[in-house]
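Participant: I am sharing my_file-v2.cif, which consists of mmCIF, C-alpha atoms and all ligand atoms:
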data_start
#
loop_
_atom_site.label_atom_id
_atom_site.label_comp_id
_atom_site.auth_asym_id
_atom_site.auth_seq_id
_atom_site.Cartn_x
_atom_site.Cartn_y
_atom_site.Cartn_z
CA MET A 1 6.38 17.37 -35.51
CA GLN A 2 3.11 17.71 -33.58
CA GLU A 3 1.82 21.22 -34.09
CA ASP A 4 -1.23 23.20 -33.40
CA ASP A 5 -1.56 26.95 -33.28
CA GLN A 6 -3.76 26.79 -30.23
CA GLN A 7 -1.66 24.57 -28.03
CA ILE A 8 0.50 25.07 -24.98
CA LEU A 9 3.49 22.87 -24.20
CA ILE A 10 4.18 21.87 -20.60
CA ALA A 11 7.37 20.26 -19.28
CA GLY A 12 6.78 18.27 -16.09
CA GLY A 13 3.79 16.30 -14.80
CA GLY A 14 4.13 16.83 -11.05
CA ILE A 15 1.50 18.72 -9.04
CA GLY A 16 2.49 21.98 -10.76
CA GLY A 17 2.53 20.59 -14.30
CA LEU A 18 -0.84 18.85 -13.95
CA ALA A 19 -2.37 21.96 -12.38
CA ALA A 20 -0.99 23.97 -15.31
CA ALA A 21 -2.47 21.50 -17.82
CA LEU A 22 -5.86 21.75 -16.14
CA ALA A 23 -5.66 25.54 -16.03
CA CYS A 24 -4.65 25.86 -19.70
CA SER A 25 -7.38 23.53 -20.89
CA ARG A 26 -9.98 25.33 -18.76
CA ALA A 27 -8.86 28.53 -20.51
CA GLY A 28 -9.68 26.87 -23.84
CA TRP A 29 -6.24 25.67 -24.96
CA ALA A 30 -5.08 22.26 -26.09
CA VAL A 31 -2.05 21.01 -24.13
CA GLN A 32 0.92 18.75 -24.85
CA LEU A 33 2.52 17.69 -21.57
CA VAL A 34 5.81 15.80 -21.35
CA GLU A 35 6.88 14.00 -18.17
CA ARG A 36 10.31 12.39 -17.99
CA ALA A 37 9.27 9.59 -15.59
CA PRO A 38 7.94 6.42 -17.23
CA ALA A 39 4.64 6.76 -15.32
CA PHE A 40 2.82 9.50 -13.44
CA GLY A 41 3.22 9.40 -9.68
CA GLU A 42 4.23 11.23 -6.53
CA VAL A 43 6.43 10.46 -3.56
CA GLY A 44 4.88 8.94 -0.43
CA ALA A 45 4.59 12.07 1.65
CA GLY A 46 1.95 14.56 2.64
CA ILE A 47 1.38 18.24 2.05
CA GLN A 48 -0.58 20.87 3.90
CA MET A 49 -2.78 23.22 1.92
CA GLY A 50 -3.82 26.58 3.31
CA PRO A 51 -7.24 28.01 2.44
CA ASN A 52 -5.64 30.06 -0.35
CA VAL A 53 -4.76 26.77 -2.05
CA VAL A 54 -8.00 24.93 -1.34
CA ARG A 55 -9.83 27.89 -2.90
CA VAL A 56 -7.95 27.30 -6.16
CA LEU A 57 -9.08 23.66 -6.18
CA GLN A 58 -12.63 24.71 -5.37
CA GLY A 59 -12.51 27.11 -8.33
CA TRP A 60 -11.73 24.13 -10.55
CA GLY A 61 -14.73 22.21 -9.20
CA LEU A 62 -12.57 19.77 -7.23
CA GLU A 63 -14.09 20.31 -3.78
CA GLN A 64 -15.91 16.96 -3.68
CA ALA A 65 -12.90 15.04 -5.02
CA LEU A 66 -10.79 16.68 -2.32
CA LYS A 67 -13.28 15.83 0.43
CA GLN A 68 -12.97 12.15 -0.44
CA VAL A 69 -9.21 11.98 0.09
CA ALA A 70 -8.01 14.87 2.25
CA ALA A 71 -8.23 15.51 5.99
CA PHE A 72 -9.45 18.84 7.39
CA PRO A 73 -7.85 19.32 10.83
CA ASP A 74 -9.58 21.58 13.36
CA VAL A 75 -6.46 22.93 14.97
CA LEU A 76 -2.74 23.52 14.48
CA ARG A 77 -0.86 23.15 17.76
CA VAL A 78 2.72 24.22 18.40
CA ARG A 79 4.60 22.33 21.11
CA SER A 80 8.06 22.37 22.58
CA ALA A 81 10.09 19.40 21.35
CA ALA A 82 11.99 19.50 24.65
CA ASN A 83 9.10 19.10 27.11
CA ALA A 84 5.88 18.86 25.03
CA ASP A 85 4.51 22.11 26.53
CA GLU A 86 1.97 23.83 24.30
CA LEU A 87 3.42 27.10 22.98
CA GLY A 88 0.45 28.25 20.92
CA SER A 89 -2.38 27.11 18.69
CA LEU A 90 -4.35 28.23 15.66
CA ARG A 91 -7.96 27.20 15.17
CA LEU A 92 -8.50 25.84 11.66
CA GLY A 93 -11.76 24.12 10.61
CA GLU A 94 -14.77 26.45 10.81
CA ARG A 95 -12.69 29.51 11.70
CA THR A 96 -10.60 29.16 8.54
CA ARG A 97 -13.70 28.54 6.42
CA ALA A 98 -15.41 31.61 7.85
CA LEU A 99 -12.40 33.92 7.50
CA TYR A 100 -10.97 32.73 4.21
CA GLY A 101 -13.79 30.98 2.38
CA ALA A 102 -12.15 27.55 2.39
CA PRO A 103 -10.84 25.01 4.90
CA TYR A 104 -7.25 24.12 5.77
CA ALA A 105 -6.53 20.69 4.28
CA THR A 106 -3.84 18.03 4.65
CA ILE A 107 -3.42 15.44 1.94
CA HIS A 108 -1.22 12.63 0.61
CA ARG A 109 0.67 14.03 -2.39
CA ALA A 110 -0.28 11.01 -4.49
CA ASP A 111 -3.98 11.68 -3.75
CA LEU A 112 -3.70 15.34 -4.82
CA HIS A 113 -1.77 14.26 -7.92
CA ARG A 114 -4.50 11.71 -8.78
CA VAL A 115 -7.27 14.29 -8.29
CA LEU A 116 -5.50 16.65 -10.70
CA LEU A 117 -4.66 13.91 -13.22
CA SER A 118 -8.24 12.69 -13.39
CA ALA A 119 -9.51 16.28 -13.81
CA VAL A 120 -7.01 16.77 -16.67
CA VAL A 121 -8.12 13.53 -18.34
CA GLN A 122 -11.80 14.46 -17.90
CA GLN A 123 -11.20 17.89 -19.38
CA GLY A 124 -10.04 16.01 -22.48
CA SER A 125 -7.78 18.50 -24.24
CA THR A 126 -4.38 17.40 -22.90
CA ALA A 127 -2.07 14.89 -24.60
CA LEU A 128 0.10 13.27 -21.93
CA HIS A 129 3.52 11.93 -22.96
CA VAL A 130 5.30 9.96 -20.24
CA GLY A 131 8.91 8.81 -20.49
CA GLN A 132 9.73 12.00 -22.43
CA ARG A 133 12.36 14.34 -21.00
CA LEU A 134 12.26 17.81 -22.46
CA GLU A 135 15.75 18.50 -23.65
CA SER A 136 15.70 21.80 -25.52
CA PHE A 137 13.41 24.49 -26.88
CA VAL A 138 13.51 27.51 -29.16
CA ASP A 139 11.30 30.57 -28.77
CA THR A 140 11.00 31.67 -32.39
CA GLY A 141 8.99 34.79 -31.57
CA SER A 142 5.93 33.38 -33.30
CA GLY A 143 5.83 30.10 -31.35
CA VAL A 144 7.90 27.63 -29.34
CA GLN A 145 9.52 24.47 -30.69
CA ALA A 146 10.55 21.87 -28.15
CA GLN A 147 12.36 18.58 -28.37
CA THR A 148 12.59 15.66 -25.97
CA ALA A 149 15.59 13.38 -25.41
CA ASP A 150 13.76 10.64 -27.33
CA GLY A 151 13.34 12.88 -30.37
CA LEU A 152 9.67 13.85 -29.89
CA GLN A 153 9.24 17.30 -31.44
CA LEU A 154 6.43 19.57 -30.36
CA GLN A 155 5.31 23.02 -31.38
CA GLY A 156 3.00 25.38 -29.56
CA GLN A 157 2.17 28.96 -28.73
CA ALA A 158 3.95 28.88 -25.39
CA LEU A 159 6.05 26.61 -23.16
CA VAL A 160 5.43 26.25 -19.42
CA GLY A 161 8.42 24.89 -17.48
CA ALA A 162 6.90 23.00 -14.55
CA ASP A 163 9.87 20.69 -14.35
CA GLY A 164 10.72 21.22 -10.72
CA LEU A 165 13.71 22.23 -8.64
CA TRP A 166 16.34 21.18 -11.22
CA SER A 167 14.34 22.61 -14.14
CA SER A 168 16.04 22.36 -17.51
CA VAL A 169 13.59 24.93 -18.93
CA ARG A 170 14.80 27.40 -16.29
CA GLN A 171 18.41 26.53 -17.02
CA GLN A 172 17.96 27.35 -20.72
CA LEU A 173 15.87 30.44 -20.04
CA LEU A 174 17.86 32.08 -17.23
CA HIS A 175 21.28 30.39 -17.32
CA ASP A 176 21.54 30.95 -13.58
CA ALA A 177 23.36 28.97 -10.90
CA PRO A 178 21.91 25.64 -9.70
CA PRO A 179 19.74 25.54 -6.56
CA ARG A 180 21.61 25.83 -3.27
CA VAL A 181 21.86 23.11 -0.67
CA THR A 182 20.31 24.50 2.52
CA GLY A 183 22.05 22.24 5.05
CA HIS A 184 18.64 21.08 6.25
CA LEU A 185 17.59 17.43 6.00
CA ALA A 186 14.00 16.16 5.95
CA TYR A 187 13.06 12.72 7.30
CA ARG A 188 9.59 11.76 6.09
CA ALA A 189 7.25 8.92 6.98
CA MET A 190 3.62 7.99 6.55
CA VAL A 191 1.83 5.30 8.59
CA PRO A 192 -1.71 4.00 9.03
CA GLN A 193 -2.96 5.44 12.33
CA SER A 194 -4.22 1.95 13.21
CA ASP A 195 -0.58 0.76 13.33
CA LEU A 196 0.20 3.29 16.06
CA PRO A 197 -0.60 3.04 19.79
CA ALA A 198 -3.78 5.03 20.52
CA ALA A 199 -1.87 7.77 22.36
CA LEU A 200 0.18 8.57 19.26
CA ARG A 201 -2.70 8.83 16.80
CA GLY A 202 -3.88 12.32 15.93
CA GLN A 203 -6.20 14.42 13.81
CA GLU A 204 -4.48 17.76 14.48
CA VAL A 205 -1.54 19.46 12.85
CA THR A 206 1.19 19.39 15.50
CA VAL A 207 4.44 21.30 15.08
CA TRP A 208 7.19 20.39 17.56
CA LEU A 209 9.89 23.06 17.85
CA GLY A 210 13.41 22.35 19.13
CA PRO A 211 16.86 23.88 18.77
CA LYS A 212 17.97 23.41 15.12
CA LEU A 213 15.09 21.03 14.44
CA HIS A 214 11.34 20.74 14.13
CA VAL A 215 8.85 17.96 13.51
CA VAL A 216 5.42 18.28 11.90
CA GLN A 217 2.68 15.65 12.03
CA TYR A 218 -0.77 15.70 10.47
CA PRO A 219 -3.47 13.33 9.25
CA VAL A 220 -3.94 12.41 5.57
CA ARG A 221 -6.23 10.01 3.64
CA GLY A 222 -9.40 11.15 5.41
CA GLY A 223 -7.56 10.96 8.75
CA GLU A 224 -6.70 7.26 8.44
CA TRP A 225 -2.97 7.82 7.96
CA LEU A 226 -0.49 10.02 9.81
CA ASN A 227 2.20 11.96 7.94
CA VAL A 228 5.33 12.90 9.88
CA VAL A 229 8.22 15.05 8.69
CA ALA A 230 11.25 15.81 10.87
CA ILE A 231 13.66 18.51 9.75
CA VAL A 232 17.14 18.74 11.23
CA GLU A 233 20.20 20.77 10.35
CA GLY A 234 22.99 18.64 8.97
CA ALA A 235 25.15 17.90 5.96
CA VAL A 236 24.42 15.46 3.14
CA ALA A 237 26.05 12.37 4.62
CA ASP A 238 27.75 10.74 1.65
CA GLY A 239 28.29 13.81 -0.51
CA GLY A 240 26.19 12.09 -3.21
CA ASP A 241 24.31 13.83 -6.00
CA VAL A 242 21.67 15.95 -4.24
CA GLN A 243 19.48 15.81 -7.37
CA ASP A 244 18.80 12.13 -6.66
CA TRP A 245 19.23 12.32 -2.96
CA ASP A 246 16.21 10.44 -1.69
CA HIS A 247 17.38 7.71 0.68
CA ALA A 248 15.75 5.01 2.74
CA THR A 249 16.92 5.56 6.29
CA HIS A 250 16.53 4.09 9.75
CA THR A 251 14.62 5.17 12.82
CA ARG A 252 17.85 5.12 14.84
CA ASP A 253 19.47 7.67 12.45
CA LEU A 254 16.60 10.06 13.07
CA GLN A 255 16.72 9.40 16.81
CA THR A 256 20.41 10.32 16.78
CA ALA A 257 19.72 13.43 14.70
CA LEU A 258 16.94 14.57 17.07
CA GLY A 259 18.97 14.03 20.24
CA ASN A 260 17.17 14.74 23.52
CA THR A 261 13.49 15.38 22.93
CA CYS A 262 10.36 14.83 25.02
CA ARG A 263 8.92 11.36 25.57
CA PRO A 264 5.79 11.74 23.32
CA LEU A 265 7.96 12.80 20.37
CA GLN A 266 10.47 10.02 20.99
CA ASP A 267 7.62 7.51 21.21
CA LEU A 268 6.20 8.72 17.89
CA VAL A 269 9.55 8.43 16.12
CA ALA A 270 10.24 5.02 17.65
CA ALA A 271 6.83 3.71 16.55
CA ILE A 272 7.60 4.31 12.86
CA GLN A 273 9.95 1.84 11.14
CA THR A 274 10.35 3.30 7.65
CA TRP A 275 11.69 6.78 6.96
CA ARG A 276 12.96 8.45 3.83
CA LEU A 277 15.56 11.18 3.85
CA TRP A 278 15.84 14.25 1.59
CA ALA A 279 18.42 17.02 1.39
CA LEU A 280 16.50 20.29 1.14
CA CYS A 281 17.51 22.79 -1.56
CA ASP A 282 16.12 26.19 -2.47
CA ARG A 283 16.95 29.41 -4.31
CA THR A 284 17.20 32.97 -3.10
CA PRO A 285 13.78 34.69 -3.36
CA MET A 286 12.82 35.79 -6.87
CA ALA A 287 14.31 39.14 -7.87
CA GLY A 288 11.99 40.09 -10.72
CA ALA A 289 9.29 39.11 -13.19
CA HIS A 290 11.97 37.84 -15.59
CA GLU A 291 12.37 34.80 -13.33
CA GLN A 292 8.71 33.88 -13.87
CA ALA A 293 8.37 34.38 -17.65
CA GLN A 294 10.21 35.69 -20.70
CA GLY A 295 8.80 35.88 -24.20
CA ARG A 296 6.69 32.78 -24.80
CA VAL A 297 8.23 30.75 -21.97
CA ALA A 298 6.84 30.73 -18.42
CA LEU A 299 8.11 28.99 -15.30
CA LEU A 300 5.74 27.58 -12.70
CA GLY A 301 6.08 25.96 -9.25
CA ASP A 302 9.50 24.85 -8.04
CA ALA A 303 11.06 25.60 -11.44
CA ALA A 304 10.39 29.29 -10.74
CA HIS A 305 10.52 29.59 -6.95
CA PRO A 306 11.75 26.55 -5.00
CA MET A 307 11.38 27.26 -1.31
CA ARG A 308 12.09 25.75 2.08
CA PRO A 309 8.99 23.95 3.37
CA TYR A 310 8.55 26.18 6.45
CA MET A 311 5.42 27.94 5.21
CA ALA A 312 4.05 24.67 3.74
CA GLN A 313 3.25 26.54 0.54
CA GLY A 314 5.56 25.29 -2.26
CA ALA A 315 2.91 23.21 -4.00
CA GLY A 316 0.36 25.84 -2.99
CA MET A 317 2.22 28.53 -4.91
CA ALA A 318 2.42 26.16 -7.92
CA LEU A 319 -1.39 25.84 -7.83
CA GLU A 320 -1.79 29.61 -7.49
CA ASP A 321 0.60 30.08 -10.45
CA ALA A 322 -1.59 27.75 -12.49
CA ALA A 323 -4.79 29.60 -11.58
CA CYS A 324 -3.14 32.86 -12.65
CA LEU A 325 -1.97 31.27 -15.91
CA GLN A 326 -5.56 30.29 -16.60
CA ARG A 327 -6.70 33.90 -16.19
CA VAL A 328 -4.07 35.34 -18.54
CA LEU A 329 -4.57 32.63 -21.15
CA ALA A 330 -8.27 33.36 -21.16
CA GLU A 331 -7.57 37.04 -21.97
CA SER A 332 -8.50 37.42 -25.60
CA GLY A 333 -6.81 39.53 -28.26
CA LEU A 334 -3.44 39.92 -26.54
CA PRO A 335 -0.16 38.56 -27.94
CA MET A 336 1.07 35.50 -26.02
CA ALA A 337 4.25 37.18 -24.73
CA GLN A 338 2.12 39.96 -23.26
CA ARG A 339 -0.21 37.51 -21.54
CA LEU A 340 2.79 35.74 -20.00
CA GLN A 341 4.16 39.10 -18.87
CA HIS A 342 0.86 39.69 -17.06
CA TYR A 343 1.26 36.27 -15.45
CA ALA A 344 4.82 37.09 -14.35
CA GLN A 345 3.87 40.53 -13.00
CA GLN A 346 0.97 39.12 -11.02
CA ARG A 347 2.94 36.25 -9.51
CA TRP A 348 6.58 37.01 -8.83
CA GLN A 349 6.30 39.31 -5.81
CA ARG A 350 3.94 37.02 -3.92
CA ASN A 351 6.14 34.03 -4.69
CA ALA A 352 9.24 35.96 -3.57
CA ARG A 353 7.49 36.95 -0.34
CA VAL A 354 6.55 33.36 0.46
CA GLN A 355 10.12 32.22 -0.31
CA ALA A 356 11.55 34.88 2.02
CA ARG A 357 9.05 34.11 4.80
CA SER A 358 9.86 30.42 4.49
CA ILE A 359 13.54 31.14 5.18
CA ARG A 360 12.60 33.37 8.11
CA ASN A 361 10.20 30.78 9.55
CA GLY A 362 12.99 28.19 9.43
CA ARG A 363 15.18 30.46 11.58
CA ILE A 364 12.34 31.02 14.06
CA PHE A 365 11.38 27.31 14.20
CA HIS A 366 15.00 26.26 14.81
CA ALA A 367 15.95 29.13 17.12
CA THR A 368 18.28 28.60 20.06
CA GLY A 369 19.13 30.64 23.17
CA LEU A 370 17.52 34.05 23.68
CA VAL A 371 15.75 34.08 20.32
CA ARG A 372 14.10 30.80 21.22
CA TRP A 373 13.03 32.19 24.59
CA GLY A 374 11.58 35.30 22.90
CA ARG A 375 9.76 33.15 20.34
CA ASP A 376 8.15 31.00 23.02
CA VAL A 377 7.06 33.99 25.10
CA SER A 378 5.58 35.77 22.05
CA MET A 379 3.78 32.64 20.94
CA ARG A 380 2.27 32.17 24.39
CA LEU A 381 1.18 35.82 24.52
CA LEU A 382 0.03 36.33 20.95
CA GLY A 383 -1.00 32.77 19.99
CA GLU A 384 -3.34 32.90 17.05
CA ARG A 385 -2.32 36.44 16.08
CA LEU A 386 1.20 35.19 15.49
CA LEU A 387 0.30 31.90 13.83
CA ASP A 388 -2.35 33.11 11.41
CA VAL A 389 -1.19 34.46 8.03
CA PRO A 390 -4.04 36.60 6.62
CA TRP A 391 -2.00 38.16 3.79
CA LEU A 392 -1.22 34.68 2.53
CA TYR A 393 -4.53 32.95 3.15
CA ARG A 394 -6.61 35.78 1.65
CA GLY A 395 -4.53 35.52 -1.53
P1 LIG B 1 7.95 18.64 -8.89
O1 LIG B 1 7.05 18.03 -7.90
O2 LIG B 1 9.41 18.53 -8.68
O3 LIG B 1 7.56 18.11 -10.33
C1 LIG B 1 8.39 18.27 -11.44
C2 LIG B 1 8.06 17.20 -12.46
O4 LIG B 1 8.78 17.45 -13.65
C3 LIG B 1 8.48 15.80 -12.00
O5 LIG B 1 7.41 14.92 -12.23
C4 LIG B 1 9.69 15.48 -12.85
O6 LIG B 1 9.82 14.10 -13.11
C5 LIG B 1 9.38 16.26 -14.12
N1 LIG B 1 10.55 16.69 -14.91
C6 LIG B 1 11.72 17.18 -14.46
N2 LIG B 1 12.53 17.51 -15.49
C7 LIG B 1 11.82 17.23 -16.61
C8 LIG B 1 12.11 17.39 -18.00
N3 LIG B 1 13.28 17.89 -18.43
N4 LIG B 1 11.17 16.99 -18.91
C9 LIG B 1 9.99 16.47 -18.49
N5 LIG B 1 9.67 16.30 -17.19
C10 LIG B 1 10.58 16.69 -16.26
N6 LIG B 1 4.31 22.30 -0.37
C11 LIG B 1 3.09 22.62 0.11
O7 LIG B 1 2.32 23.33 -0.57
N7 LIG B 1 2.69 22.21 1.36
C12 LIG B 1 3.49 21.43 2.14
O8 LIG B 1 3.10 21.06 3.25
C13 LIG B 1 4.78 21.07 1.66
N8 LIG B 1 5.61 20.31 2.41
C14 LIG B 1 6.84 19.98 1.93
C15 LIG B 1 7.70 19.22 2.74
C16 LIG B 1 8.95 18.88 2.28
C17 LIG B 1 9.89 18.09 3.19
C18 LIG B 1 9.36 19.29 0.98
C19 LIG B 1 10.72 18.91 0.45
C20 LIG B 1 8.52 20.04 0.18
C21 LIG B 1 7.26 20.40 0.65
N9 LIG B 1 6.38 21.18 -0.13
C22 LIG B 1 5.16 21.53 0.35
C23 LIG B 1 6.81 21.72 -1.44
C24 LIG B 1 6.26 20.92 -2.60
O9 LIG B 1 6.62 19.57 -2.42
C25 LIG B 1 6.82 21.43 -3.92
O10 LIG B 1 6.81 22.83 -3.94
C26 LIG B 1 5.99 20.91 -5.08
O11 LIG B 1 5.98 19.51 -5.10
C27 LIG B 1 6.53 21.44 -6.41
O12 LIG B 1 5.79 20.87 -7.47
P2 LIG B 1 6.30 21.03 -8.97
O13 LIG B 1 5.29 20.34 -9.82
O14 LIG B 1 6.64 22.44 -9.25
O15 LIG B 1 7.69 20.24 -9.01
#
Once more with this new file: its structure as structure tokens, please.
Facilitator:
Amino acid sequence: MQEDDQQILIAGGGIGGLAAALACSRAGWAVQLVERAPAFGEVGAGIQMGPNVVRVLQGWGLEQALKQVAAFPDVLRVRSAANADELGSLRLGERTRALYGAPYATIHRADLHRVLLSAVVQQGSTALHVGQRLESFVDTGSGVQAQTADGLQLQGQALVGADGLWSSVRQQLLHDAPPRVTGHLAYRAMVPQSDLPAALRGQEVTVWLGPKLHVVQYPVRGGEWLNVVAIVEGAVADGGDVQDWDHATHTRDLQTALGNTCRPLQDLVAAIQTWRLWALCDRTPMAGAHEQAQGRVALLGDAAHPMRPYMAQGAGMALEDAACLQRVLAESGLPMAQRLQHYAQQRWQRNARVQARSIRNGRIFHATGLVRWGRDVSMRLLGERLLDVPWLYRG
């Protein structure tokens, strides 16, 4: 049994788990992190980070590391998937920096993961155990004992479940129903811009809106690569296990799923040979602080609040959770359960709001008929006022 009175246990070494490890060690705690995969890594896809998220990374001194790998688009442009007309735009770049104290960034997930992992290693107080799946835990009231499937036993002052959408920590803590299948499918691809015809390359965030579908493209890797994600409404094709539902798929499948769209969008899709397909799952928005922490066990990231990607904030909320965890763990003289209660109270309502807005955004993005008409008119009239999200970006 590895034990230490001043250590925190973390299940999961994705973006959320590594952010949590960094946060805990910056608050002065030793960390034992278990990751079930045999090696650390991330899927080949991008994520967008609003200024609220970049500010968290800046607070951890990671601004320079981020600059080396991320892209910082100057504008987000919304277009009709039917005819490519511009519906609205939001200035990012300097405007975002001036308003919110940080830029809007787009990044390859593996690059963000690497930045966090190297910060954790540099910090020096985290033991990383790969190939170890957390199987069970007991909150004894004076500590937490955890066990992995391979028989590794760990003991600490608290356990953070950062083990993602299908979290086993959540399952044991809340005993609630599994995540729900949304009926939305995400096709993702990433290509070097140099492999694309010049007209298809881009340094902006472009969101294409169509009936029951949308496509988002943005630069990553300092602008040298383009990330594209197309989301359509449809069932899981083979009824397979959605937990492992990450398929290679073909351009022609996506073309069929998109149906009639404008020429520039069709050209973009046709220019990319390799796509991967995910079935999107989520949970209903959090209903209370008990879903974020109980006793000496806290949930973080997708384990606590999996959301649809229509606010582009799932990983962002995991990073914000971690920053909050750092603050409560640095509070001296309070019992651990009380600190985690503070964490839960400070986080759950914001997370619930982002989950709810993500569902709503999906409906607006995919609108048909009159709602779609109203959306397009409002976006043309209100533009930036509709697309900016001050309550979220101010944090
Ligand atoms: P995960 O990334 O799922 O990590 C969980 C980790 O725990 C994994 O490494 C797993 O192997 C490990 N694990 C699981 N069970 C155990 C166990 N029992 N023991 C030990 N280890 C375990 N977010 C954004 O902020 N911006 C975006 O633009 C964005 N776009 C998205 C687009 C799509 C199509 C999708 C699907 C999501 C998007 N997201 C975005 C959301 C984001 O991907 C997730 O919210 C984020 O990755 C969650 O991180 P996590 O660390 O909580 O969970």
Participant: List the spatial neighbours of segment 26-29 of chain A as a count of residues only - criterion: any atom at most 7 Å away, all atoms listed in the file, same-chain residues fewer than 2 positions off excluded.
Facilitator: 10
Participant: Find the distance between atom CA of His108 of chain A and atom CA of Arg221 of chain A and write it in Å to one decimal.
Facilitator: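 Interatomic distance here is 6.4 Å.
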Participant: Using only C-alpha atoms, determine which residues lie at most 6 Å from Pro103 of chain A, disregarding the query and same-chain residues fewer than 6 positions distant; provide the list as a list in words.
Facilitator: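 The residues that qualify are Pro51, Gly93, Thr96 and Arg97 of chain A.
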Participant: One decimal, Å: what's the distance from atom CA of Leu33 of chain A over to atom C26 of ligand LIG 1 (chain B), could you say?
Facilitator: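 Separation between atom CA of Leu33 of chain A and atom C26 of ligand LIG 1 (chain B): 17.2 Å.
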Participant: What are the centre and edge lengths in Å, to one decimal, of the axis-aligned box around all listed atoms of ligand LIG 1 (chain B) with 5 Å added on each side, as lines of an AutoDock Vina configuration file?
Facilitator:
center_x = 7.8
center_y = 18.7
center_z = -7.8
size_x = 21.0
size_y = 19.2
size_z = 32.2
Participant: Give me, as a list of chain:residue names, all polymer residues having an atom no more than 12 Å from Ala270 of chain A, counting all atoms listed in the file and skipping those fewer than 5 positions away in the same chain.
Facilitator: A:Ala189, A:Leu196, A:Pro197, A:Leu200, A:His250, A:Thr251, A:Arg252, A:Asp253, A:Leu254, A:Gln255, A:Thr256, A:Leu258, A:Arg263, A:Pro264, A:Leu265, A:Trp275
Participant: Tell me which of A:Gly124, A:Pro306, A:Pro73, A:Gly395 sits closest to ligand LIG 1 (chain B), counting only C-alpha atoms and all ligand atoms.
Facilitator: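 Of all the options, A:Pro306 lies closest to ligand LIG 1 (chain B).
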